[in-house]
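Novice: Pasting in a structure now, in structure tokens, and then I'll have a few things to ask.
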Amino acid sequence: MTALLATRNLESFYGDFQALFGIDFEIAQGEIVAIIGANGAGKSTFLKTVAGLLKAKRDAVTFEGEPIGGMPTGKIVQRGVALVPEGRRLFPSLSVEENLLMGAYAKRPGPWNLDAVYGLFPILAEKRRNPGTALSGGQQQMVAIGRALMSNPKLLICDEISLGLAPIVVKEIYDALPSVCAGGLTVIIVEQDVSVAQRVSNRLYCLQEGRVTLSGASQALSREQISQAYFGV
Amino acid sequence: MSTAPIAFEVSRATRASRIGGAAAVVFVAFLASFPWWADHGWMREFNEMACYLIFAMMWNLLAGYGGMVSIGQQAYLGLGGYALLVMGNFGGVNPFVAVPIAAVLTMLVALPVSKIAFRLQGGYFAIGTWVIAEVFRLSIANVSAVGGGSGTSLTALRGIEKATRVSVTFWLCLVAAVASVALVYWFLRSRQGLALLAIRDSEIASESQGVNVRATKLGVYLVAAFGAGLAGALYFLGNLRISPDAAFTVNWTAFTIFIVMIGGIGTIEGPIVGVVLFWLLNKYFSEYGTWYLVGLGLLAIVVTIRFPRGLWGYVAHRFDLNFFPVQRRLVLHEPPKD
Amino acid sequence: MTGWIDTIVQGVLLGGLYALFAMGQSLIFGVMRLTNTAHGDFIILAAFGAFSLVLAIGLPPAAAPWAAMGALLPIAFGVGYGLQRFVLNGTLGKDPLPSLVVTFGLAIVIQNVLQEVYSADPRSIESGGLNIASVPIGADLAVGTLPLLIFGIAVAMAVAMQWLFDRTAIGRAFRAVSDDRDAAELMGLDHRHVYALATGIAFVLVAIAGTLHGMKTTVSPADGPALLLYAFEAVIIGGMGSFYGTLAGGIILGVTQAIGFRIDPGWGIWAGHVVFLAMLLFRPSGLFPKTR
């Protein structure tokens with residue numbers, strides 16, 4: 001089995017500050033993998049580096065066996081990687097529908113279009129004409145996920161989608177995950193909430209201070225192992 | 001022994017700054033002797049370049065350190081010139097005495113004007129200040145008492161003997177040029193200057209550290225207006241004739257941007273290097289007229305894109321030279337061995 | 001009384017031309033917060049370009065300026081696209097200084113090259129008498145045909161640009177890149193290309209404005225900076241981010257100048273500048289600020 005996405009000894013820097021120290025990561029077609037870790041562990045940095053927003057060595061990141069490290073974000077999106085960024089980052093001067101249409105900019109063929117997204121999150125169809133930022137937090141998150149799906153990605157990466165949302169809303173969003181993955185979509189989720197991460201994922205990586213401290217099948221890992229890897233105590 | 005305090009001092013002087021300081025004193029003394037032996041033409045040339053230097057030092061302070069890129073500083077240069085003219089021709093003030101007063105008056109005008117200019121930021125500020133300069137130009141062009149659009153002569157100097165006039169004007173220019181460098185240097189080393197450097201790095205962060213961003217920027221704007229007014233008063237004192245088009249032309253700022261960018265923006269040495277270079281280019285190439293100006297424009301573009309630190313910035317970086325150390329260095333002394 | 005109505009009407013029509021000057025600037029501001037200080041000089045460059053094309057094409061004077069304008073549009077788009085892609089994109093950033101210095105340098109280059117090529121003499125584009133024809137309105141009022149035409153084009157362009165910005169995919173990309181460049185990159189956009197498209201379109205507007213300006217009046221190589229200031233004032237008076245606002249801003253500026261000129265020719269331009277500064281003081285976000 002070859003990995004859809006893999007990183008080998010991935011390092012990342014903000015200026016002189018090193019944020020990632022040799023991350024080895026892989027995810028197979030159709031898998032759901034969670035990345036957990038405390039604030040500042042390097043989770044978002046890892047995602048940004050994979051998505052091309054931060055520099056990386058060309059062969060430190062491979063997608064479908066081809067090196068993509070440090071490629072322009074746009075090119076990586078064209079290949080089928082979509083990132084739902086932390087904090088949602090909706091375009092304030094675009095309506096809900098326009099935000100979704102921006103997701104289709106890469107023009108990749110596939111099952112996802114406006115109707116499919118509205119089918120997944122019916123509330124968005126009602127609010128299609130509203131400015132994206134006029135919605136509730138949970139609805140905005142739906143727009144952000146829908147927008148990423150509109151590019152018909154092979155790999156969907158979700159950065160802290162539960163951040164700042166009520167538990168019931170988080171549940172509602174994660175409940176949509178199985179139908180999103182029905183078509184064989186591969187998903188990486190980054191979560192602060194360990195129990196949520198463990199419940200929805202097949203495998204799990206834990207980061208601490210820019211290094212992988214634990215990885216394995218989500219259900220097989222014990223609480224103690226995780227908190228050991230999470231806090232280093 | 002571990003209880004021995006670490007000896008240190010905060011130092012700003014560098015070896016280069018000490019040698020440079022001594023050389024500068026000798027050079028200024030040499031220049032000051034010009035009126036006894038040098039050609040009048042040389043002094044005129046020096047006066048003009050001194051005005052450019054003062055104006056450029058101020059633009060550098062405003063744009064390079066203060067982050068306020070103005071294309072309208074000619075407003076204050078022109079006002080300085082006209083303030084001198086009005087005081088001399090109508091107020092009976094000795095024109096030499098009127099020079100510093102003109103600079104202060106210009107600064108007073110800048111205070112209310114800043115209320116309007118500060119409504120704009122970044123590129124909008126640049127063009128907004130240009131509009132303000134145009135308002136001054138058009139206003140004065142409509143005042144017939146000062147000659148309207150065609151301008152007028154500085155008649156107040158008529159009673160003064162030519163040799164005296166030329167010498168005093170030259171010395172005033174020399175003193176003002178040195179003083180403007182000293183003023184900017186002093187300003188940057190003061191608390192205000194430290195605040196300014198902090199603002200340049202991050203406006204929000206410095207605000208949260210208790211730096212009053214608005215007051216600091218206003219201070220810079222007023223100092224820059226003072227300097228521009230001084231340059232204008234001196235320029236037209238040497239020129240004897242003033243017109244709105246000559247006083248408020250955007251070319252003042254255009255040449256200044258060239259001088260500062262080529263020399264090295266955000267350094268004190270930069271404008272000095274830039275003025276010397278501008279003087280040389282002007283001397284040998286200005287006969288080519290429009291092509292000369294095309295060349296200056298292209299040079300400014302290339303330097304900005306390829307060598308954003310300018311000539312001095314490059315040299316200083318390469319050889320770690322610093323004649324006007326603004327930053328503080330921590331010097332640790334070896335603890336006494338026992 | 002008729003005299004004043006005439007003044008206002010002339011001012012409104014003049015404002016149409018100013019709005020045309022301003023729309024390209026408005027687009028570039030809106031998409032990338034870039035201040036192109038050579039904007040006016042590019043309008044003058046376009047006017048001289050059209051002037052030379054008219055001579056080169058050799059059509060009858062009534063048709064030649066329009067043919068020249070048509071030929072100029074793709075050239076202008078290419079120049080704008082290339083300038084942004086290969087020069088100006090490299091100057092964008094938090095610090096406004098590099099872009100200001102580079103465009104200011106360009107302004108000086110354009111002015112002096114034009115002066116070298118065309119001399120400092122004012123030129124005008126021959127339009128077969130269109131510039132002196134007029135349309136009677138009522139008993140003792142007539143308006144120039146060309147100014148009326150220019151005003152019509154300005155309104156059409158404002159509508160077209162607003163539609164482009166609000167309703168098309170390219171407009172959506174412009175707004176998205178303007179809102180959040182990194183997030184837009186995550187959608188697969190290349191912001192350098194999007195910026196270059198915006199400047200290309202802005203230069204098409206510049207070419208239209210320049211040709212019409214050259215037909216209406218005389219142009220000389222040093223005229224650019226004044227046009228830059230008028231364009232800038234129209235954008236700020238109207239409020240950033242709205243082309244209808246820019247049109248309104250242009251009209252306000254035109255009417256103010258016309259009234260000023262009528263009172264005393266020495267104060268016409270001055271009056272326009274002062275209204276702009278007063279606007280900054282009392283309503284800094286402009287007449288039609290973007291609401292969302």
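Residue numbering restarts at 1 for every chain of the structure tokens, chains are lettered A, B, ... in their displayed order, and ligands are numbered from 1 as they appear.
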Considering only C-alpha atoms, return as a list in words whatever protein or nucleic-acid residues lie within 7 Å of Gln74 of chain B, sequence-local ones (same chain, fewer than 2 positions apart) excluded.

Specialist: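 Contacts, in chain order: Gly72, Tyr76, Leu77, Gly78, Ala133, Phe248, Thr249, Val250, Trp252 and Thr253 of chain B.
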
Novice: With N, CA and C atoms kept, could you save the residues just selected as a PDB file, in the first residue's frame?

Specialist:
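Produced file out39.pdb, reproduced below:
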```pdb
ATOM      1  N   GLY B  72       4.566  65.313  -0.711  1.00  0.00           N
ATOM      2  CA  GLY B  72       4.112  66.698  -0.602  1.00  0.00           C
ATOM      3  C   GLY B  72       4.970  67.560   0.296  1.00  0.00           C
ATOM      4  N   TYR B  76       6.102  72.498   2.433  1.00  0.00           N
ATOM      5  CA  TYR B  76       6.775  73.185   3.522  1.00  0.00           C
ATOM      6  C   TYR B  76       8.026  73.899   3.032  1.00  0.00           C
ATOM      7  N   LEU B  77       8.637  73.355   2.002  1.00  0.00           N
ATOM      8  CA  LEU B  77       9.782  74.043   1.419  1.00  0.00           C
ATOM      9  C   LEU B  77       9.329  75.387   0.845  1.00  0.00           C
ATOM     10  N   GLY B  78       8.231  75.356   0.101  1.00  0.00           N
ATOM     11  CA  GLY B  78       7.709  76.579  -0.496  1.00  0.00           C
ATOM     12  C   GLY B  78       7.249  77.575   0.556  1.00  0.00           C
ATOM     13  N   ALA B 133       0.082  70.142  -1.012  1.00  0.00           N
ATOM     14  CA  ALA B 133       1.117  71.020  -1.571  1.00  0.00           C
ATOM     15  C   ALA B 133       0.563  71.831  -2.739  1.00  0.00           C
ATOM     16  N   PHE B 248       6.972  75.230  -5.070  1.00  0.00           N
ATOM     17  CA  PHE B 248       6.106  74.105  -4.710  1.00  0.00           C
ATOM     18  C   PHE B 248       6.160  72.966  -5.727  1.00  0.00           C
ATOM     19  N   THR B 249       7.178  72.957  -6.576  1.00  0.00           N
ATOM     20  CA  THR B 249       7.224  71.904  -7.587  1.00  0.00           C
ATOM     21  C   THR B 249       7.504  70.548  -6.941  1.00  0.00           C
ATOM     22  N   VAL B 250       6.850  69.536  -7.496  1.00  0.00           N
ATOM     23  CA  VAL B 250       7.015  68.179  -6.965  1.00  0.00           C
ATOM     24  C   VAL B 250       8.422  67.678  -7.251  1.00  0.00           C
ATOM     25  N   TRP B 252      11.122  68.839  -6.250  1.00  0.00           N
ATOM     26  CA  TRP B 252      11.877  68.823  -5.005  1.00  0.00           C
ATOM     27  C   TRP B 252      11.821  67.442  -4.384  1.00  0.00           C
ATOM     28  N   THR B 253      10.589  66.943  -4.275  1.00  0.00           N
ATOM     29  CA  THR B 253      10.423  65.631  -3.660  1.00  0.00           C
ATOM     30  C   THR B 253      10.956  64.532  -4.571  1.00  0.00           C
TER      31      THR B 253
END
```

Novice: Report the closest atom pair, with its distance in Å rounded to one decimal, for each residue of segment 216-281 of chain C that has an atom no farther than 7 Å from segment 120-125 of chain C; count only C-alpha atoms, sort by chain and then rising residue number, and write it as JSON lines.

Specialist:
```
{"residue": "C:Thr217", "atom": "CA", "partner": "C:Ser124", "partner_atom": "CA", "distance": 6.1}
{"residue": "C:Thr218", "atom": "CA", "partner": "C:Ser124", "partner_atom": "CA", "distance": 4.5}
{"residue": "C:Val219", "atom": "CA", "partner": "C:Pro122", "partner_atom": "CA", "distance": 5.1}
{"residue": "C:Ser220", "atom": "CA", "partner": "C:Pro122", "partner_atom": "CA", "distance": 4.4}
{"residue": "C:Pro221", "atom": "CA", "partner": "C:Ala120", "partner_atom": "CA", "distance": 6.2}
```

Novice: Give me the chain C side of the contact with chain A, cut-off 7 Å, one line per residue showing its nearest atom pair and distance in Å at one decimal, counting only C-alpha atoms, sorted by chain and residue number, as JSON lines.

Specialist:
```
{"residue": "C:Arg175", "atom": "CA", "partner": "A:Ser93", "partner_atom": "CA", "distance": 6.6}
{"residue": "C:Ala176", "atom": "CA", "partner": "A:Phe91", "partner_atom": "CA", "distance": 5.8}
{"residue": "C:Asp179", "atom": "CA", "partner": "A:Phe91", "partner_atom": "CA", "distance": 5.8}
{"residue": "C:Asp180", "atom": "CA", "partner": "A:Phe91", "partner_atom": "CA", "distance": 6.6}
{"residue": "C:Ala183", "atom": "CA", "partner": "A:Arg89", "partner_atom": "CA", "distance": 6.4}
{"residue": "C:Glu185", "atom": "CA", "partner": "A:Gly74", "partner_atom": "CA", "distance": 5.7}
{"residue": "C:Leu186", "atom": "CA", "partner": "A:Thr73", "partner_atom": "CA", "distance": 6.1}
{"residue": "C:Met187", "atom": "CA", "partner": "A:Gly103", "partner_atom": "CA", "distance": 5.3}
{"residue": "C:Gly188", "atom": "CA", "partner": "A:Gly74", "partner_atom": "CA", "distance": 3.7}
{"residue": "C:Leu189", "atom": "CA", "partner": "A:Gly74", "partner_atom": "CA", "distance": 5.6}
{"residue": "C:Asp190", "atom": "CA", "partner": "A:Gly74", "partner_atom": "CA", "distance": 6.0}
{"residue": "C:Arg292", "atom": "CA", "partner": "A:Ser93", "partner_atom": "CA", "distance": 5.9}
```

Novice: Filtering to N, CA and C atoms, could you give me those residues as a PDB file, in the first residue's frame?

Specialist:
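To be explicit, this is the file written out as result-v9.pdb:
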```
ATOM      1  N   ARG C 175     -12.218  40.161  -5.331  1.00  0.00           N
ATOM      2  CA  ARG C 175     -12.648  40.458  -3.958  1.00  0.00           C
ATOM      3  C   ARG C 175     -12.008  39.487  -2.973  1.00  0.00           C
ATOM      4  N   ALA C 176     -11.928  38.209  -3.394  1.00  0.00           N
ATOM      5  CA  ALA C 176     -11.362  37.204  -2.487  1.00  0.00           C
ATOM      6  C   ALA C 176      -9.891  37.509  -2.196  1.00  0.00           C
ATOM      7  N   ASP C 179      -9.657  40.411   0.105  1.00  0.00           N
ATOM      8  CA  ASP C 179     -10.050  40.080   1.485  1.00  0.00           C
ATOM      9  C   ASP C 179      -8.937  39.343   2.218  1.00  0.00           C
ATOM     10  N   ASP C 180      -8.427  38.294   1.619  1.00  0.00           N
ATOM     11  CA  ASP C 180      -7.519  37.400   2.337  1.00  0.00           C
ATOM     12  C   ASP C 180      -6.683  36.636   1.311  1.00  0.00           C
ATOM     13  N   ALA C 183      -5.845  32.844   2.101  1.00  0.00           N
ATOM     14  CA  ALA C 183      -7.013  31.980   1.955  1.00  0.00           C
ATOM     15  C   ALA C 183      -7.348  31.796   0.475  1.00  0.00           C
ATOM     16  N   GLU C 185      -5.202  31.815  -1.954  1.00  0.00           N
ATOM     17  CA  GLU C 185      -4.215  30.874  -2.496  1.00  0.00           C
ATOM     18  C   GLU C 185      -4.645  29.436  -2.214  1.00  0.00           C
ATOM     19  N   LEU C 186      -5.286  29.240  -1.044  1.00  0.00           N
ATOM     20  CA  LEU C 186      -5.754  27.904  -0.682  1.00  0.00           C
ATOM     21  C   LEU C 186      -6.866  27.417  -1.606  1.00  0.00           C
ATOM     22  N   MET C 187      -7.488  28.356  -2.330  1.00  0.00           N
ATOM     23  CA  MET C 187      -8.518  27.967  -3.297  1.00  0.00           C
ATOM     24  C   MET C 187      -7.884  27.644  -4.652  1.00  0.00           C
ATOM     25  N   GLY C 188      -6.566  27.804  -4.733  1.00  0.00           N
ATOM     26  CA  GLY C 188      -5.900  27.538  -6.005  1.00  0.00           C
ATOM     27  C   GLY C 188      -5.647  28.777  -6.833  1.00  0.00           C
ATOM     28  N   LEU C 189      -5.937  29.965  -6.289  1.00  0.00           N
ATOM     29  CA  LEU C 189      -5.651  31.190  -7.041  1.00  0.00           C
ATOM     30  C   LEU C 189      -4.166  31.518  -6.973  1.00  0.00           C
ATOM     31  N   ASP C 190      -3.675  32.088  -8.046  1.00  0.00           N
ATOM     32  CA  ASP C 190      -2.329  32.635  -8.028  1.00  0.00           C
ATOM     33  C   ASP C 190      -2.501  34.148  -7.925  1.00  0.00           C
ATOM     34  N   ARG C 292     -20.142  46.130   3.413  1.00  0.00           N
ATOM     35  CA  ARG C 292     -19.872  44.806   3.986  1.00  0.00           C
ATOM     36  C   ARG C 292     -18.415  44.417   3.850  1.00  0.00           C
TER      37      ARG C 292
END
```

Novice: What gap, in Å, lies between atom CA of Leu106 of chain C and atom CA of Ala76 of chain C?

Specialist: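 Pair atom CA of Leu106 of chain C / atom CA of Ala76 of chain C returns 15.7 Å.
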
Novice: Tell me as a VMD selection string which residues belonging to chain B come within 8 Å of chain C, counting only C-alpha atoms.

Specialist: chain B and resid 63 67 69 115 to 116 119 122 to 124 127 131 to 132 134 to 135 138 to 139 142 254 257 290 to 291 293 to 298 300 to 301 304 to 305

Novice: Only C-alpha atoms, please: the residues just picked out, written as an mmCIF file, in the first residue's frame.

Specialist:
```cif
data_model
loop_
_atom_site.group_PDB
_atom_site.id
_atom_site.type_symbol
_atom_site.label_atom_id
_atom_site.label_comp_id
_atom_site.auth_asym_id
_atom_site.auth_seq_id
_atom_site.Cartn_x
_atom_site.Cartn_y
_atom_site.Cartn_z
ATOM 1 C CA ALA B 63 9.584 58.191 5.226
ATOM 2 C CA GLY B 67 7.049 55.240 7.609
ATOM 3 C CA VAL B 69 5.940 58.381 2.614
ATOM 4 C CA LYS B 115 -5.024 66.847 11.019
ATOM 5 C CA ILE B 116 -6.002 66.390 7.385
ATOM 6 C CA ARG B 119 -6.579 60.888 7.817
ATOM 7 C CA GLY B 122 0.306 54.487 3.152
ATOM 8 C CA GLY B 123 -0.051 55.309 -0.511
ATOM 9 C CA TYR B 124 -3.103 57.471 0.088
ATOM 10 C CA ILE B 127 -0.956 61.465 -2.780
ATOM 11 C CA VAL B 131 -2.780 67.564 -3.050
ATOM 12 C CA ILE B 132 -2.063 69.678 0.036
ATOM 13 C CA GLU B 134 -0.891 71.889 -4.681
ATOM 14 C CA VAL B 135 -3.419 73.796 -2.565
ATOM 15 C CA LEU B 138 -2.479 77.537 -6.115
ATOM 16 C CA SER B 139 -3.340 79.694 -3.105
ATOM 17 C CA ASN B 142 -3.532 83.861 -6.479
ATOM 18 C CA ALA B 254 11.278 63.696 -6.809
ATOM 19 C CA ILE B 257 13.388 60.462 -3.249
ATOM 20 C CA THR B 290 15.306 64.792 -20.588
ATOM 21 C CA TRP B 291 17.460 61.683 -21.044
ATOM 22 C CA LEU B 293 15.935 62.633 -16.027
ATOM 23 C CA VAL B 294 14.883 59.364 -17.660
ATOM 24 C CA GLY B 295 18.129 57.889 -16.354
ATOM 25 C CA LEU B 296 17.485 59.153 -12.814
ATOM 26 C CA GLY B 297 13.982 57.676 -12.895
ATOM 27 C CA LEU B 298 15.208 54.298 -14.131
ATOM 28 C CA ALA B 300 15.583 54.917 -8.775
ATOM 29 C CA ILE B 301 13.400 52.024 -9.985
ATOM 30 C CA THR B 304 14.450 50.187 -5.195
ATOM 31 C CA ILE B 305 13.829 46.729 -6.617
#
```

Novice: Using only C-alpha atoms, which residues sit within 7 Å of Phe21 of chain A once same-chain residues fewer than 5 positions away are excluded, as a compact mmCIF listing (two decimals) with C-alpha atoms, in the first residue's frame?

Specialist:
```txt
# COMPACT_ATOMS: atom_id res chain seq x y z
CA LEU A 10 9.96 17.39 7.28
CA GLU A 11 11.36 20.57 8.81
CA GLY A 210 7.61 20.05 16.57
CA ARG A 211 8.20 16.29 16.86
```

Novice: Pick out each residue of segment 67-230 of chain A that DSSP on the backbone tags as strand (DSSP E or B); I need them as an NGL selection string.

Specialist: :A and (67 or 81-84 or 95 or 131 or 155-159 or 186-191 or 203-208 or 211-217)

Novice: Skip Pro325 of chain B itself and residues of its chain fewer than 4 positions away, then list as an mmCIF file with N, CA and C atoms, in the first residue's frame all residues within 12 Å of it, counting only C-alpha atoms.

Specialist:
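Saved as around-v7.cif:
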```
data_model
loop_
_atom_site.group_PDB
_atom_site.id
_atom_site.type_symbol
_atom_site.label_atom_id
_atom_site.label_comp_id
_atom_site.auth_asym_id
_atom_site.auth_seq_id
_atom_site.Cartn_x
_atom_site.Cartn_y
_atom_site.Cartn_z
ATOM 1 N N SER B 11 26.883 51.069 25.278
ATOM 2 C CA SER B 11 27.714 51.939 24.455
ATOM 3 C C SER B 11 27.053 52.166 23.104
ATOM 4 N N ARG B 12 27.240 53.348 22.564
ATOM 5 C CA ARG B 12 26.706 53.583 21.231
ATOM 6 C C ARG B 12 27.816 53.959 20.262
ATOM 7 N N ALA B 13 28.922 54.424 20.790
ATOM 8 C CA ALA B 13 30.003 54.826 19.904
ATOM 9 C C ALA B 13 30.621 53.595 19.252
ATOM 10 N N THR B 14 31.019 53.732 18.016
ATOM 11 C CA THR B 14 31.786 52.697 17.361
ATOM 12 C C THR B 14 33.108 53.328 16.951
ATOM 13 N N ARG B 15 34.072 52.474 16.571
ATOM 14 C CA ARG B 15 35.352 52.999 16.112
ATOM 15 C C ARG B 15 35.136 53.932 14.914
ATOM 16 N N ALA B 16 34.280 53.472 14.016
ATOM 17 C CA ALA B 16 34.025 54.273 12.821
ATOM 18 C C ALA B 16 33.426 55.620 13.193
ATOM 19 N N SER B 17 32.555 55.613 14.201
ATOM 20 C CA SER B 17 31.883 56.868 14.536
ATOM 21 C C SER B 17 32.877 57.857 15.126
ATOM 22 N N ARG B 18 33.907 57.350 15.844
ATOM 23 C CA ARG B 18 34.896 58.265 16.420
ATOM 24 C C ARG B 18 35.795 58.840 15.330
ATOM 25 N N GLY B 20 35.117 58.921 12.104
ATOM 26 C CA GLY B 20 34.260 59.700 11.211
ATOM 27 C C GLY B 20 33.967 61.066 11.798
ATOM 28 N N GLY B 21 33.712 61.099 13.104
ATOM 29 C CA GLY B 21 33.404 62.365 13.766
ATOM 30 C C GLY B 21 34.564 63.344 13.621
ATOM 31 N N TYR B 185 19.984 63.039 14.025
ATOM 32 C CA TYR B 185 20.755 62.098 14.848
ATOM 33 C C TYR B 185 20.279 62.159 16.298
ATOM 34 N N TRP B 186 20.160 63.399 16.798
ATOM 35 C CA TRP B 186 19.704 63.586 18.174
ATOM 36 C C TRP B 186 18.297 63.035 18.361
ATOM 37 N N LEU B 188 16.749 60.709 16.724
ATOM 38 C CA LEU B 188 16.691 59.250 16.691
ATOM 39 C C LEU B 188 17.255 58.628 17.963
ATOM 40 N N ARG B 189 18.211 59.344 18.601
ATOM 41 C CA ARG B 189 18.787 58.789 19.822
ATOM 42 C C ARG B 189 17.946 59.101 21.052
ATOM 43 N N THR B 267 18.948 55.349 6.928
ATOM 44 C CA THR B 267 20.257 55.540 7.552
ATOM 45 C C THR B 267 20.528 57.038 7.534
ATOM 46 N N ILE B 268 21.388 57.509 8.430
ATOM 47 C CA ILE B 268 21.705 58.932 8.425
ATOM 48 C C ILE B 268 22.751 59.230 7.354
ATOM 49 N N GLU B 269 23.648 58.269 7.118
ATOM 50 C CA GLU B 269 24.685 58.482 6.106
ATOM 51 C C GLU B 269 24.088 58.514 4.697
ATOM 52 N N ALA B 316 27.564 49.682 4.348
ATOM 53 C CA ALA B 316 27.509 49.522 5.801
ATOM 54 C C ALA B 316 27.337 48.060 6.171
ATOM 55 N N ASP B 320 30.331 46.530 7.815
ATOM 56 C CA ASP B 320 29.910 46.825 9.177
ATOM 57 C C ASP B 320 30.359 48.217 9.627
ATOM 58 N N LEU B 321 30.090 49.202 8.776
ATOM 59 C CA LEU B 321 30.444 50.582 9.090
ATOM 60 C C LEU B 321 29.227 51.299 9.635
ATOM 61 N N ARG B 329 24.607 49.346 22.064
ATOM 62 C CA ARG B 329 25.287 48.054 22.123
ATOM 63 C C ARG B 329 25.653 47.767 23.559
#
```

Novice: Tell me, in Å to one decimal, how far atom CA of His40 of chain B is from atom CA of Trp171 of chain B.

Specialist: 12.9 Å

Novice: I want to know what sits within 6 Å of segment 80-84 of chain C, based on only C-alpha atoms, with residues of the same chain fewer than 3 positions away left out; could you give that as a ChimeraX atom specification?

Specialist: /C:77,87-89,196-197,199-200,203

Novice: Just write the chosen residues, N, CA and C atoms, as an mmCIF file, in the first residue's frame.

Specialist:
```
data_model
loop_
_atom_site.group_PDB
_atom_site.id
_atom_site.type_symbol
_atom_site.label_atom_id
_atom_site.label_comp_id
_atom_site.auth_asym_id
_atom_site.auth_seq_id
_atom_site.Cartn_x
_atom_site.Cartn_y
_atom_site.Cartn_z
ATOM 1 N N PHE C 77 -3.956 46.476 -22.212
ATOM 2 C CA PHE C 77 -4.124 45.337 -21.309
ATOM 3 C C PHE C 77 -2.801 44.607 -21.130
ATOM 4 N N VAL C 87 6.977 43.788 -12.695
ATOM 5 C CA VAL C 87 7.607 44.883 -11.954
ATOM 6 C C VAL C 87 6.892 45.125 -10.620
ATOM 7 N N LEU C 88 5.615 45.466 -10.695
ATOM 8 C CA LEU C 88 4.942 45.967 -9.497
ATOM 9 C C LEU C 88 4.676 44.891 -8.444
ATOM 10 N N ASN C 89 4.400 43.644 -8.880
ATOM 11 C CA ASN C 89 4.157 42.587 -7.883
ATOM 12 C C ASN C 89 5.314 42.481 -6.902
ATOM 13 N N ALA C 196 -2.255 40.936 -11.734
ATOM 14 C CA ALA C 196 -1.888 41.365 -13.078
ATOM 15 C C ALA C 196 -3.135 41.564 -13.944
ATOM 16 N N LEU C 197 -4.136 40.671 -13.764
ATOM 17 C CA LEU C 197 -5.397 40.846 -14.500
ATOM 18 C C LEU C 197 -6.051 42.175 -14.114
ATOM 19 N N THR C 199 -4.662 44.929 -12.991
ATOM 20 C CA THR C 199 -3.953 46.059 -13.587
ATOM 21 C C THR C 199 -4.170 46.101 -15.102
ATOM 22 N N GLY C 200 -4.238 44.926 -15.727
ATOM 23 C CA GLY C 200 -4.527 44.886 -17.159
ATOM 24 C C GLY C 200 -5.865 45.556 -17.462
ATOM 25 N N PHE C 203 -5.728 49.226 -17.004
ATOM 26 C CA PHE C 203 -5.071 49.910 -18.115
ATOM 27 C C PHE C 203 -5.967 50.018 -19.343
#
```

Novice: Quick one: distance from atom CA of Trp66 of chain C to atom CA of Ala209 of chain C in Å, one decimal?

Specialist: 12.2 Å

Novice: DSSP on the backbone, then: every residue of segment 81-119 of chain A marked helix (DSSP H, G or I), written as a PyMOL selection string.

Specialist: chain A and resi 96-106+114-119

Novice: Write the residues you've just listed into a file as a compact mmCIF listing (two decimals), in the first residue's frame, and include N, CA and C atoms for each of them.

Specialist:
```txt
# COMPACT_ATOMS: atom_id res chain seq x y z
N VAL A 96 -22.29 33.64 0.96
CA VAL A 96 -22.07 32.21 1.23
C VAL A 96 -21.82 31.46 -0.07
N GLU A 97 -22.70 31.71 -1.04
CA GLU A 97 -22.58 30.97 -2.30
C GLU A 97 -21.29 31.34 -3.03
N GLU A 98 -20.94 32.64 -2.98
CA GLU A 98 -19.70 33.05 -3.64
C GLU A 98 -18.47 32.44 -2.97
N ASN A 99 -18.53 32.34 -1.63
CA ASN A 99 -17.45 31.67 -0.92
C ASN A 99 -17.30 30.23 -1.40
N LEU A 100 -18.44 29.55 -1.54
CA LEU A 100 -18.39 28.16 -2.01
C LEU A 100 -17.83 28.09 -3.43
N LEU A 101 -18.28 29.03 -4.26
CA LEU A 101 -17.81 29.02 -5.65
C LEU A 101 -16.30 29.25 -5.75
N MET A 102 -15.76 30.05 -4.80
CA MET A 102 -14.31 30.24 -4.80
C MET A 102 -13.59 28.91 -4.66
N GLY A 103 -14.21 28.00 -3.90
CA GLY A 103 -13.61 26.69 -3.71
C GLY A 103 -13.48 25.92 -5.01
N ALA A 104 -14.40 26.23 -5.95
CA ALA A 104 -14.39 25.51 -7.23
C ALA A 104 -13.43 26.14 -8.23
N TYR A 105 -12.64 27.11 -7.77
CA TYR A 105 -11.76 27.85 -8.68
C TYR A 105 -10.79 26.91 -9.40
N ALA A 106 -10.34 25.87 -8.68
CA ALA A 106 -9.34 24.97 -9.27
C ALA A 106 -9.95 24.12 -10.39
N LEU A 114 -22.32 22.89 -5.92
CA LEU A 114 -23.17 23.64 -4.99
C LEU A 114 -24.28 22.77 -4.43
N ASP A 115 -24.95 22.02 -5.32
CA ASP A 115 -26.08 21.20 -4.86
C ASP A 115 -25.63 20.17 -3.83
N ALA A 116 -24.50 19.55 -4.08
CA ALA A 116 -24.01 18.52 -3.16
C ALA A 116 -23.70 19.12 -1.79
N VAL A 117 -23.07 20.31 -1.79
CA VAL A 117 -22.75 20.96 -0.51
C VAL A 117 -24.03 21.36 0.21
N TYR A 118 -25.01 21.89 -0.54
CA TYR A 118 -26.28 22.27 0.07
C TYR A 118 -27.00 21.03 0.58
N GLY A 119 -26.81 19.89 -0.08
CA GLY A 119 -27.39 18.64 0.38
C GLY A 119 -26.78 18.22 1.71
```
